[in-house]
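Chemist: Structure file target-v1.tsv (TSV, C-alpha atoms (C1' of nucleotides)) is given on the next line.
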chain	number	residue	atom	x	y	z
A	647	MET	CA	101.75	106.34	74.81
A	648	PRO	CA	102.65	102.74	74.01
A	649	ASN	CA	99.13	101.58	73.26
A	650	ASP	CA	99.92	99.74	70.09
A	651	ILE	CA	102.45	97.33	71.56
A	652	ALA	CA	101.46	93.73	71.04
A	653	LEU	CA	102.11	91.73	74.19
A	654	ASP	CA	102.02	87.96	74.05
A	655	ALA	CA	101.59	85.56	76.93
A	656	ILE	CA	105.34	85.38	77.52
A	657	ASP	CA	105.60	89.15	77.76
A	658	ARG	CA	102.79	89.21	80.28
A	659	THR	CA	104.47	86.56	82.37
A	660	ILE	CA	107.67	88.58	82.35
A	661	LEU	CA	105.83	91.76	83.27
A	662	ARG	CA	103.92	90.11	86.08
A	663	ASP	CA	107.08	88.62	87.55
A	664	LEU	CA	109.00	91.89	87.34
A	665	GLN	CA	106.12	93.83	88.85
A	666	ASP	CA	106.09	91.35	91.69
A	667	ASP	CA	109.85	91.17	92.16
A	668	GLY	CA	111.76	93.86	90.36
A	669	ARG	CA	115.13	92.38	91.25
A	670	MET	CA	114.47	88.92	89.91
A	671	THR	CA	117.47	87.73	87.93
A	672	ASN	CA	117.15	87.29	84.21
A	673	VAL	CA	117.76	83.55	84.39
A	674	GLU	CA	114.95	83.07	86.90
A	675	LEU	CA	112.73	85.31	84.81
A	676	ALA	CA	113.58	83.20	81.76
A	677	ARG	CA	112.93	79.94	83.60
A	678	ARG	CA	109.45	81.10	84.62
A	679	ALA	CA	108.70	82.34	81.14
A	680	GLY	CA	109.84	79.09	79.54
A	681	LEU	CA	112.73	80.69	77.71
A	682	THR	CA	116.49	80.64	77.82
A	683	ALA	CA	118.14	83.73	79.22
A	684	PRO	CA	119.21	85.64	76.09
A	685	PRO	CA	115.80	85.93	74.38
A	686	CYS	CA	114.27	86.75	77.73
A	687	LEU	CA	116.70	89.61	78.22
A	688	ARG	CA	115.93	90.87	74.73
A	689	ARG	CA	112.24	90.94	75.59
A	690	VAL	CA	112.87	92.84	78.81
A	691	ARG	CA	115.00	95.40	76.98
A	692	ALA	CA	112.32	95.77	74.31
A	693	LEU	CA	109.64	96.29	76.96
A	694	GLU	CA	111.78	98.93	78.64
A	695	GLU	CA	112.49	100.58	75.32
A	696	ALA	CA	108.81	100.64	74.39
A	697	GLY	CA	107.90	102.24	77.71
A	698	VAL	CA	105.83	99.31	78.91
A	699	ILE	CA	108.28	99.01	81.78
A	700	GLU	CA	108.70	102.55	83.07
A	701	GLY	CA	111.23	101.85	85.79
A	702	TYR	CA	112.21	99.81	88.81
A	703	HIS	CA	111.80	101.03	92.35
A	704	ALA	CA	112.38	99.78	95.86
A	705	LYS	CA	109.27	100.14	97.99
A	706	LEU	CA	110.27	101.73	101.28
A	707	ASN	CA	108.51	101.70	104.62
A	708	SER	CA	107.28	105.25	105.16
A	709	GLY	CA	107.19	105.01	108.91
A	710	ALA	CA	110.78	103.80	109.15
A	711	LEU	CA	111.86	106.91	107.29
A	712	GLY	CA	109.95	109.21	109.58
A	713	TYR	CA	106.98	109.82	107.30
A	714	GLY	CA	104.18	108.89	109.64
A	715	ILE	CA	101.46	110.89	107.93
A	716	THR	CA	99.68	110.28	104.65
A	717	VAL	CA	96.92	112.65	103.63
A	718	PHE	CA	94.57	112.83	100.69
A	719	ALA	CA	93.64	116.32	99.59
A	720	LEU	CA	90.63	117.03	97.38
A	721	VAL	CA	91.29	120.28	95.59
A	722	SER	CA	88.89	122.48	93.65
A	723	LEU	CA	90.09	125.38	91.54
A	724	ARG	CA	88.31	128.62	90.69
A	725	SER	CA	89.08	128.31	87.02
A	726	GLN	CA	89.18	125.05	85.08
A	727	ALA	CA	90.69	126.57	81.97
A	728	GLU	CA	93.39	124.31	80.63
A	729	ASP	CA	96.12	126.88	81.28
A	730	ASP	CA	95.05	127.20	84.90
A	731	LEU	CA	94.93	123.43	85.35
A	732	ARG	CA	98.46	123.20	83.97
A	733	LEU	CA	99.66	125.94	86.28
A	734	PHE	CA	98.35	124.08	89.28
A	735	GLU	CA	99.98	120.86	88.12
A	736	GLN	CA	103.27	122.67	87.68
A	737	HIS	CA	102.94	124.10	91.15
A	738	VAL	CA	102.44	120.75	92.88
A	739	ALA	CA	105.11	119.14	90.70
A	740	GLU	CA	107.64	121.15	92.68
A	741	LEU	CA	106.32	120.14	96.08
A	742	ALA	CA	108.17	117.10	97.41
A	743	GLU	CA	105.40	116.38	99.91
A	744	VAL	CA	102.96	115.77	97.05
A	745	ARG	CA	103.60	112.29	95.72
A	746	GLU	CA	100.62	111.95	93.41
A	747	CYS	CA	98.43	114.39	91.55
A	748	HIS	CA	95.43	113.16	89.59
A	749	MET	CA	93.00	115.34	87.71
A	750	LEU	CA	89.43	114.18	88.20
A	751	ASN	CA	86.07	114.77	86.61
A	752	GLY	CA	83.21	116.21	88.62
A	753	GLU	CA	83.23	118.84	91.35
A	754	ILE	CA	86.66	117.95	92.63
A	755	ASP	CA	89.40	118.97	90.23
A	756	PHE	CA	92.40	117.20	91.74
A	757	ILE	CA	93.19	114.55	94.26
A	758	LEU	CA	96.63	114.69	95.84
A	759	LYS	CA	98.44	112.14	97.94
A	760	ILE	CA	100.64	113.96	100.40
A	761	VAL	CA	103.17	112.63	102.91
A	762	ALA	CA	104.52	114.42	105.96
A	763	HIS	CA	106.61	113.68	109.01
A	764	ASP	CA	103.88	114.65	111.44
A	765	LEU	CA	100.68	116.63	111.77
A	766	GLN	CA	102.46	119.87	112.46
A	767	GLY	CA	104.55	119.49	109.36
A	768	PHE	CA	101.47	118.70	107.33
A	769	GLN	CA	99.52	121.69	108.64
A	770	GLN	CA	102.39	123.97	107.82
A	771	PHE	CA	102.65	122.53	104.33
A	772	LEU	CA	98.92	122.87	103.85
A	773	THR	CA	98.68	126.51	104.84
A	774	SER	CA	101.94	127.70	103.35
A	775	LYS	CA	102.09	125.77	100.10
A	776	LEU	CA	98.74	124.35	99.11
A	777	THR	CA	95.75	126.46	100.13
A	778	THR	CA	97.68	129.59	99.21
A	779	ALA	CA	98.51	128.35	95.72
A	780	PRO	CA	97.11	130.45	92.91
A	781	ASN	CA	93.61	129.64	91.74
A	782	VAL	CA	92.82	127.25	94.60
A	783	ALA	CA	89.18	127.57	95.64
A	784	SER	CA	88.93	124.88	98.29
A	785	VAL	CA	90.96	122.06	99.79
A	786	LYS	CA	89.40	119.24	101.76
A	787	THR	CA	91.90	116.98	103.48
A	788	SER	CA	91.51	113.56	105.02
A	789	LEU	CA	94.11	111.89	107.19
A	790	THR	CA	94.90	108.27	106.50
A	791	ILE	CA	94.19	106.20	109.59
A	792	ARG	CA	95.60	103.04	108.10
A	793	THR	CA	96.29	101.54	104.71
A	794	SER	CA	94.96	98.02	104.40
A	795	LYS	CA	95.86	97.50	100.76
A	796	ASP	CA	98.54	99.00	98.57
A	797	VAL	CA	99.33	96.69	95.69
A	798	PRO	CA	101.98	97.99	93.34
A	799	GLY	CA	100.93	98.40	89.76
A	800	ILE	CA	98.04	96.75	88.00
A	801	PRO	CA	96.68	93.26	87.48
A	802	VAL	CA	98.56	91.44	84.75
A	803	ASP	CA	96.41	88.64	83.46
A	804	ALA	CA	98.14	85.54	82.18
A	805	ALA	CA	96.33	85.68	78.83
B	972	MET	CA	106.55	98.36	112.47
B	973	PRO	CA	110.24	99.22	112.06
B	974	ASN	CA	110.09	102.56	113.76
B	975	ASP	CA	113.07	102.04	116.00
B	976	ILE	CA	115.57	101.35	113.25
B	977	ALA	CA	118.45	103.79	113.30
B	978	LEU	CA	119.33	104.88	109.80
B	979	ASP	CA	122.58	106.71	109.18
B	980	ALA	CA	123.49	108.85	106.21
B	981	ILE	CA	124.85	105.86	104.28
B	982	ASP	CA	121.62	103.93	104.74
B	983	ARG	CA	119.65	106.89	103.45
B	984	THR	CA	121.85	107.17	100.40
B	985	ILE	CA	121.32	103.49	99.68
B	986	LEU	CA	117.57	103.78	100.18
B	987	ARG	CA	117.29	106.83	97.97
B	988	ASP	CA	119.26	105.17	95.19
B	989	LEU	CA	117.26	101.96	95.37
B	990	GLN	CA	113.98	103.84	95.43
B	991	ASP	CA	115.11	105.67	92.34
B	992	ASP	CA	116.51	102.64	90.54
B	993	GLY	CA	115.57	99.33	92.05
B	994	ARG	CA	117.84	97.37	89.74
B	995	MET	CA	121.01	99.29	90.43
B	996	THR	CA	123.88	96.87	90.88
B	997	ASN	CA	125.36	96.47	94.31
B	998	VAL	CA	128.77	97.72	93.18
B	999	GLU	CA	127.27	100.92	91.80
B	1000	LEU	CA	125.21	101.30	94.96
B	1001	ALA	CA	128.37	100.83	96.99
B	1002	ARG	CA	130.31	103.30	94.90
B	1003	ARG	CA	127.69	106.00	95.45
B	1004	ALA	CA	127.52	105.24	99.15
B	1005	GLY	CA	131.29	105.40	99.51
B	1006	LEU	CA	131.65	101.76	100.50
B	1007	THR	CA	133.01	98.59	98.99
B	1008	ALA	CA	130.50	96.06	97.77
B	1009	PRO	CA	130.27	93.54	100.65
B	1010	PRO	CA	129.39	95.94	103.48
B	1011	CYS	CA	126.95	97.66	101.13
B	1012	LEU	CA	125.23	94.39	100.40
B	1013	ARG	CA	125.08	93.63	104.11
B	1014	ARG	CA	123.33	96.94	104.69
B	1015	VAL	CA	120.83	96.25	101.95
B	1016	ARG	CA	120.06	92.82	103.38
B	1017	ALA	CA	119.68	94.30	106.85
B	1018	LEU	CA	117.30	96.95	105.53
B	1019	GLU	CA	115.26	94.27	103.79
B	1020	GLU	CA	115.28	92.13	106.92
B	1021	ALA	CA	114.15	95.04	109.08
B	1022	GLY	CA	111.30	95.80	106.70
B	1023	VAL	CA	112.60	99.23	105.75
B	1024	ILE	CA	112.79	97.94	102.19
B	1025	GLU	CA	109.46	96.22	101.59
B	1026	GLY	CA	110.10	95.01	98.08
B	1027	TYR	CA	111.19	95.80	94.57
B	1028	HIS	CA	108.74	96.37	91.76
B	1029	ALA	CA	108.80	97.19	88.09
B	1030	LYS	CA	106.54	100.12	87.31
B	1031	LEU	CA	104.40	99.22	84.34
B	1032	ASN	CA	102.54	101.44	81.91
B	1033	SER	CA	98.86	100.90	82.65
B	1034	GLY	CA	97.69	101.87	79.22
B	1035	ALA	CA	100.01	99.44	77.48
B	1036	LEU	CA	98.45	96.63	79.49
B	1037	GLY	CA	94.95	97.65	78.60
B	1038	TYR	CA	94.08	99.42	81.82
B	1039	GLY	CA	92.95	102.76	80.52
B	1040	ILE	CA	90.79	103.72	83.48
B	1041	THR	CA	91.79	104.81	86.97
B	1042	VAL	CA	89.07	105.77	89.42
B	1043	PHE	CA	89.04	107.02	92.96
B	1044	ALA	CA	86.11	105.90	95.07
B	1045	LEU	CA	85.12	107.61	98.30
B	1046	VAL	CA	83.27	105.08	100.40
B	1047	SER	CA	81.16	105.62	103.50
B	1048	LEU	CA	79.94	102.74	105.60
B	1049	ARG	CA	76.80	102.46	107.71
B	1050	SER	CA	78.69	101.15	110.71
B	1051	GLN	CA	82.16	102.23	111.74
B	1052	ALA	CA	82.58	99.52	114.36
B	1053	GLU	CA	86.05	98.05	114.09
B	1054	ASP	CA	84.71	94.64	113.08
B	1055	ASP	CA	82.72	96.18	110.26
B	1056	LEU	CA	85.70	98.21	109.07
B	1057	ARG	CA	87.78	95.04	109.01
B	1058	LEU	CA	85.10	93.20	107.07
B	1059	PHE	CA	85.08	95.88	104.41
B	1060	GLU	CA	88.87	95.79	104.18
B	1061	GLN	CA	88.78	92.04	103.79
B	1062	HIS	CA	86.19	92.38	101.05
B	1063	VAL	CA	88.21	94.81	98.96
B	1064	ALA	CA	91.42	92.86	99.63
B	1065	GLU	CA	89.99	90.17	97.34
B	1066	LEU	CA	89.11	92.53	94.52
B	1067	ALA	CA	91.94	92.73	91.98
B	1068	GLU	CA	90.57	95.98	90.55
B	1069	VAL	CA	91.15	97.70	93.89
B	1070	ARG	CA	94.83	98.57	94.12
B	1071	GLU	CA	94.77	100.75	97.22
B	1072	CYS	CA	92.50	101.01	100.22
B	1073	HIS	CA	93.08	103.72	102.80
B	1074	MET	CA	90.95	104.30	105.85
B	1075	LEU	CA	90.34	108.00	106.43
B	1076	ASN	CA	89.12	110.21	109.23
B	1077	GLY	CA	86.02	112.36	108.76
B	1078	GLU	CA	82.84	111.66	106.84
B	1079	ILE	CA	84.49	109.47	104.24
B	1080	ASP	CA	85.55	106.13	105.66
B	1081	PHE	CA	87.70	104.79	102.82
B	1082	ILE	CA	89.35	105.95	99.66
B	1083	LEU	CA	90.01	103.32	97.03
B	1084	LYS	CA	92.13	103.47	93.92
B	1085	ILE	CA	90.57	101.28	91.27
B	1086	VAL	CA	91.78	100.33	87.81
B	1087	ALA	CA	89.70	98.97	84.94
B	1088	HIS	CA	90.04	98.24	81.26
B	1089	ASP	CA	87.28	100.62	80.24
B	1090	LEU	CA	84.23	102.45	81.53
B	1091	GLN	CA	81.93	99.51	80.97
B	1092	GLY	CA	84.20	97.25	82.96
B	1093	PHE	CA	84.37	99.79	85.72
B	1094	GLN	CA	80.60	100.29	85.91
B	1095	GLN	CA	80.10	96.56	86.12
B	1096	PHE	CA	82.69	96.29	88.85
B	1097	LEU	CA	81.10	99.17	90.73
B	1098	THR	CA	77.57	97.83	90.72
B	1099	SER	CA	78.39	94.15	91.16
B	1100	LYS	CA	81.24	94.24	93.62
B	1101	LEU	CA	81.49	97.56	95.41
B	1102	THR	CA	78.17	99.30	96.04
B	1103	THR	CA	76.61	95.94	96.84
B	1104	ALA	CA	79.23	95.08	99.42
B	1105	PRO	CA	77.88	94.61	102.96
B	1106	ASN	CA	77.63	97.73	105.10
B	1107	VAL	CA	78.32	100.18	102.26
B	1108	ALA	CA	76.26	103.34	102.70
B	1109	SER	CA	77.50	105.43	99.80
B	1110	VAL	CA	80.14	105.41	97.09
B	1111	LYS	CA	81.20	108.54	95.26
B	1112	THR	CA	83.47	107.88	92.29
B	1113	SER	CA	85.69	110.20	90.28
B	1114	LEU	CA	87.33	109.27	87.03
B	1115	THR	CA	90.96	110.22	86.57
B	1116	ILE	CA	91.32	112.48	83.57
B	1117	ARG	CA	95.09	112.50	83.71
B	1118	THR	CA	97.84	111.90	86.22
B	1119	SER	CA	100.41	114.67	86.22
B	1120	LYS	CA	102.52	113.36	89.08
B	1121	ASP	CA	103.09	109.89	90.43
B	1122	VAL	CA	106.39	109.72	92.24
B	1123	PRO	CA	107.22	106.34	93.70
B	1124	GLY	CA	107.76	106.26	97.41
B	1125	ILE	CA	108.66	109.10	99.71
B	1126	PRO	CA	111.29	111.82	99.94
B	1127	VAL	CA	114.52	110.46	101.38
B	1128	ASP	CA	116.54	113.31	102.79
B	1129	ALA	CA	120.29	112.99	102.67
B	1130	ALA	CA	120.68	113.71	106.39
C	713	DG	C1'	128.48	78.99	74.59
C	714	DC	C1'	131.83	82.39	76.10
C	715	DT	C1'	133.81	86.27	78.64
C	716	DG	C1'	133.85	89.84	81.91
C	717	DA	C1'	131.28	91.58	85.78
C	718	DA	C1'	128.59	91.25	89.74
C	719	DA	C1'	126.70	88.60	93.75
C	720	DA	C1'	127.51	86.22	97.67
C	721	DT	C1'	130.24	83.89	101.08
C	722	DA	C1'	134.14	83.41	104.17
C	723	DC	C1'	137.65	85.50	106.42
C	724	DC	C1'	140.37	89.33	108.18
C	725	DT	C1'	141.12	94.10	110.23
C	726	DA	C1'	140.15	98.35	112.82
C	727	DG	C1'	137.78	100.95	116.08
C	728	DT	C1'	134.97	101.10	120.51
C	729	DA	C1'	132.87	100.08	124.88
D	64	DT	C1'	137.50	90.94	125.26
D	65	DA	C1'	133.42	91.14	122.92
D	66	DC	C1'	130.95	93.79	119.57
D	67	DT	C1'	130.30	96.39	115.47
D	68	DA	C1'	131.34	97.67	110.85
D	69	DG	C1'	134.26	97.97	106.83
D	70	DG	C1'	137.71	95.75	103.80
D	71	DT	C1'	140.04	91.75	101.18
D	72	DA	C1'	139.95	87.55	98.75
D	73	DT	C1'	137.61	83.85	96.49
D	74	DT	C1'	134.00	81.28	94.38
D	75	DT	C1'	129.74	81.07	92.05
D	76	DT	C1'	126.40	83.00	89.28
D	77	DC	C1'	124.64	86.17	86.09
D	78	DA	C1'	124.63	89.74	82.32
D	79	DG	C1'	125.51	90.64	77.87
D	80	DC	C1'	127.43	89.57	73.38
Once you've parsed the file, please lay out its structure as structure tokens.

Modeler:
Amino acid sequence: MPNDIALDAIDRTILRDLQDDGRMTNVELARRAGLTAPPCLRRVRALEEAGVIEGYHAKLNSGALGYGITVFALVSLRSQAEDDLRLFEQHVAELAEVRECHMLNGEIDFILKIVAHDLQGFQQFLTSKLTTAPNVASVKTSLTIRTSKDVPGIPVDAA
Amino acid sequence: MPNDIALDAIDRTILRDLQDDGRMTNVELARRAGLTAPPCLRRVRALEEAGVIEGYHAKLNSGALGYGITVFALVSLRSQAEDDLRLFEQHVAELAEVRECHMLNGEIDFILKIVAHDLQGFQQFLTSKLTTAPNVASVKTSLTIRTSKDVPGIPVDAA
DNA sequence: GCTGAAAATACCTAGTA
DNA sequence: TACTAGGTATTTTCAGC
């Protein structure tokens, strides 16, 4: 939504630093941005208010929490009518195992990122909650062997 | 790596809260966990030290920063020898447009999440930096129409 | 700049092997 | 007793006005 927000170089510096370290203190943030603390804090609040900053989150180690399995599922539906697409999105919205759901163009309608404790848990999820969902024509799944890159967010250019 | 860390219910509460709000103050974190501030802070530091908490990041609105395009690329290589897999991973590690790189089982070797400012920028990236990379046999790309779910992290059960 | 709150350190206490 | 984990007190730093 916030496509009309004008971001100057200072804003971009702030955003880059907060994307990199979401717990950076405001004074450090201000120092890097070349500001004193109060105007820096005002900018951060404005960026939050405008929805440019959507939230702050700790990145947790999946394996340490017992989620050893990450799977990508390529889903095709029988009907691509908007109502049916929405229904599928609502269905996966309620599944905690599904962390991401992106609608795609082309033959594949959706790509899902799914986490599970182990293969058994994933298979059970797949057969009981995904392939049996209404309107699902086909599901192709691929296990993640390893993740070599997972950079949070997007590039924030200095300019 | 940290697969042998024992996490009790208090740790899980802390992790869930920090995953949900990475800038929560330590006193609030402690209050929710049923602790006073100092032992809570010690737990957080220990979790960071052990690598259970990998970092803190602000989640930014892609569109507001001019990244209107998200693409998933399914990449197959000619050789799946470990050295060749590593070389490909090293190649994409240097590409800022590539935010995620997961090695998969099956016919597809890698799935990449790629961001770009617009379609032109993406096409240029694709032809100049991805399909021409050494050892790449095929690249199938799918544009993201919309993202209906993008939950940070993983489910953290109370138990 | 100023004020109240939080972070961070040092130190103390209780339970357990 | 040594070890582990939480609590108390104090100082320093930061958030917010």

Chemist: Show me, as a Markdown table, the residues of chain C having an atom within 12 Å of chain A, each with the closest atom pair and its distance in Å, using all atoms listed in the file.

Modeler:
| residue | atom | partner | partner_atom | distance |
| --- | --- | --- | --- | --- |
| C:DG713 | C1' | A:Pro684 | CA | 11.5 |
| C:DA718 | C1' | A:Thr671 | CA | 11.8 |
| C:DA719 | C1' | A:Thr671 | CA | 10.9 |

Chemist: Please indicate the distance in Å from CA of Arg1002 (chain B) to CA of Ile985 (chain B), rounded to one decimal place.

Modeler: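 Between CA of Arg1002 (chain B) and CA of Ile985 (chain B) the gap is 10.2 Å.
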
Chemist: Near chain D, meaning an atom within 8 Å, which residues of chain A appear when counting all atoms listed in the file? Write them as an MDAnalysis selection string.

Modeler: chainID A and resid 671:673

Chemist: Check every residue of chain B for an atom within 7 Å of chain A, counting only C-alpha atoms, and provide those that qualify as a ChimeraX atom specification.

Modeler: /B:973-974,976,989-994,1022-1035,1060,1064,1067,1070-1077,1113-1122,1124-1126

Chemist: Just to confirm, what's the straight-line distance from C1' of DA729 (chain C) to CA of Thr984 (chain B) in Å (one decimal)?

Modeler: 27.8 Å

Chemist: Can you work out the spacing between CA of Gln1091 (chain B) and CA of Val1110 (chain B) in Å, to one decimal?

Modeler: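 Spanning CA of Gln1091 (chain B) to CA of Val1110 (chain B) is a straight-line distance of 17.3 Å.
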
Chemist: Complete the atom set of region 704-716 of chain A to N, CA, C and O atoms and return it as a PDB file, in the frame of the given file.

Modeler:
ATOM      1  N   ALA A 704     112.541 100.432  94.565  1.00  0.00           N
ATOM      2  CA  ALA A 704     112.380  99.780  95.860  1.00  0.00           C
ATOM      3  C   ALA A 704     111.203 100.435  96.573  1.00  0.00           C
ATOM      4  O   ALA A 704     111.032 101.650  96.539  1.00  0.00           O
ATOM      5  N   LYS A 705     110.374  99.626  97.185  1.00  0.00           N
ATOM      6  CA  LYS A 705     109.270 100.140  97.990  1.00  0.00           C
ATOM      7  C   LYS A 705     109.756 100.263  99.434  1.00  0.00           C
ATOM      8  O   LYS A 705     110.154  99.276 100.037  1.00  0.00           O
ATOM      9  N   LEU A 706     109.732 101.471  99.945  1.00  0.00           N
ATOM     10  CA  LEU A 706     110.270 101.730 101.280  1.00  0.00           C
ATOM     11  C   LEU A 706     109.148 101.884 102.289  1.00  0.00           C
ATOM     12  O   LEU A 706     108.044 102.305 101.959  1.00  0.00           O
ATOM     13  N   ASN A 707     109.455 101.541 103.526  1.00  0.00           N
ATOM     14  CA  ASN A 707     108.510 101.700 104.620  1.00  0.00           C
ATOM     15  C   ASN A 707     108.483 103.160 105.074  1.00  0.00           C
ATOM     16  O   ASN A 707     109.472 103.667 105.602  1.00  0.00           O
ATOM     17  N   SER A 708     107.359 103.827 104.864  1.00  0.00           N
ATOM     18  CA  SER A 708     107.280 105.250 105.160  1.00  0.00           C
ATOM     19  C   SER A 708     107.596 105.547 106.625  1.00  0.00           C
ATOM     20  O   SER A 708     108.348 106.473 106.928  1.00  0.00           O
ATOM     21  N   GLY A 709     107.013 104.756 107.488  1.00  0.00           N
ATOM     22  CA  GLY A 709     107.190 105.010 108.910  1.00  0.00           C
ATOM     23  C   GLY A 709     108.646 104.929 109.333  1.00  0.00           C
ATOM     24  O   GLY A 709     109.123 105.744 110.134  1.00  0.00           O
ATOM     25  N   ALA A 710     109.379 103.973 108.780  1.00  0.00           N
ATOM     26  CA  ALA A 710     110.780 103.800 109.150  1.00  0.00           C
ATOM     27  C   ALA A 710     111.601 105.013 108.744  1.00  0.00           C
ATOM     28  O   ALA A 710     112.646 105.292 109.335  1.00  0.00           O
ATOM     29  N   LEU A 711     111.136 105.740 107.745  1.00  0.00           N
ATOM     30  CA  LEU A 711     111.860 106.910 107.290  1.00  0.00           C
ATOM     31  C   LEU A 711     111.304 108.195 107.883  1.00  0.00           C
ATOM     32  O   LEU A 711     111.635 109.300 107.443  1.00  0.00           O
ATOM     33  N   GLY A 712     110.431 108.035 108.862  1.00  0.00           N
ATOM     34  CA  GLY A 712     109.950 109.210 109.580  1.00  0.00           C
ATOM     35  C   GLY A 712     108.772 109.901 108.923  1.00  0.00           C
ATOM     36  O   GLY A 712     108.403 111.001 109.324  1.00  0.00           O
ATOM     37  N   TYR A 713     108.178 109.255 107.918  1.00  0.00           N
ATOM     38  CA  TYR A 713     106.980 109.820 107.300  1.00  0.00           C
ATOM     39  C   TYR A 713     105.764 109.089 107.850  1.00  0.00           C
ATOM     40  O   TYR A 713     105.310 108.104 107.281  1.00  0.00           O
ATOM     41  N   GLY A 714     105.269 109.569 108.971  1.00  0.00           N
ATOM     42  CA  GLY A 714     104.180 108.890 109.640  1.00  0.00           C
ATOM     43  C   GLY A 714     102.813 109.271 109.117  1.00  0.00           C
ATOM     44  O   GLY A 714     101.819 108.632 109.443  1.00  0.00           O
ATOM     45  N   ILE A 715     102.748 110.308 108.311  1.00  0.00           N
ATOM     46  CA  ILE A 715     101.460 110.890 107.930  1.00  0.00           C
ATOM     47  C   ILE A 715     101.235 110.790 106.426  1.00  0.00           C
ATOM     48  O   ILE A 715     102.092 111.201 105.648  1.00  0.00           O
ATOM     49  N   THR A 716     100.112 110.238 106.041  1.00  0.00           N
ATOM     50  CA  THR A 716      99.680 110.280 104.650  1.00  0.00           C
ATOM     51  C   THR A 716      98.310 110.927 104.597  1.00  0.00           C
ATOM     52  O   THR A 716      97.415 110.563 105.362  1.00  0.00           O
TER      53      THR A 716
END
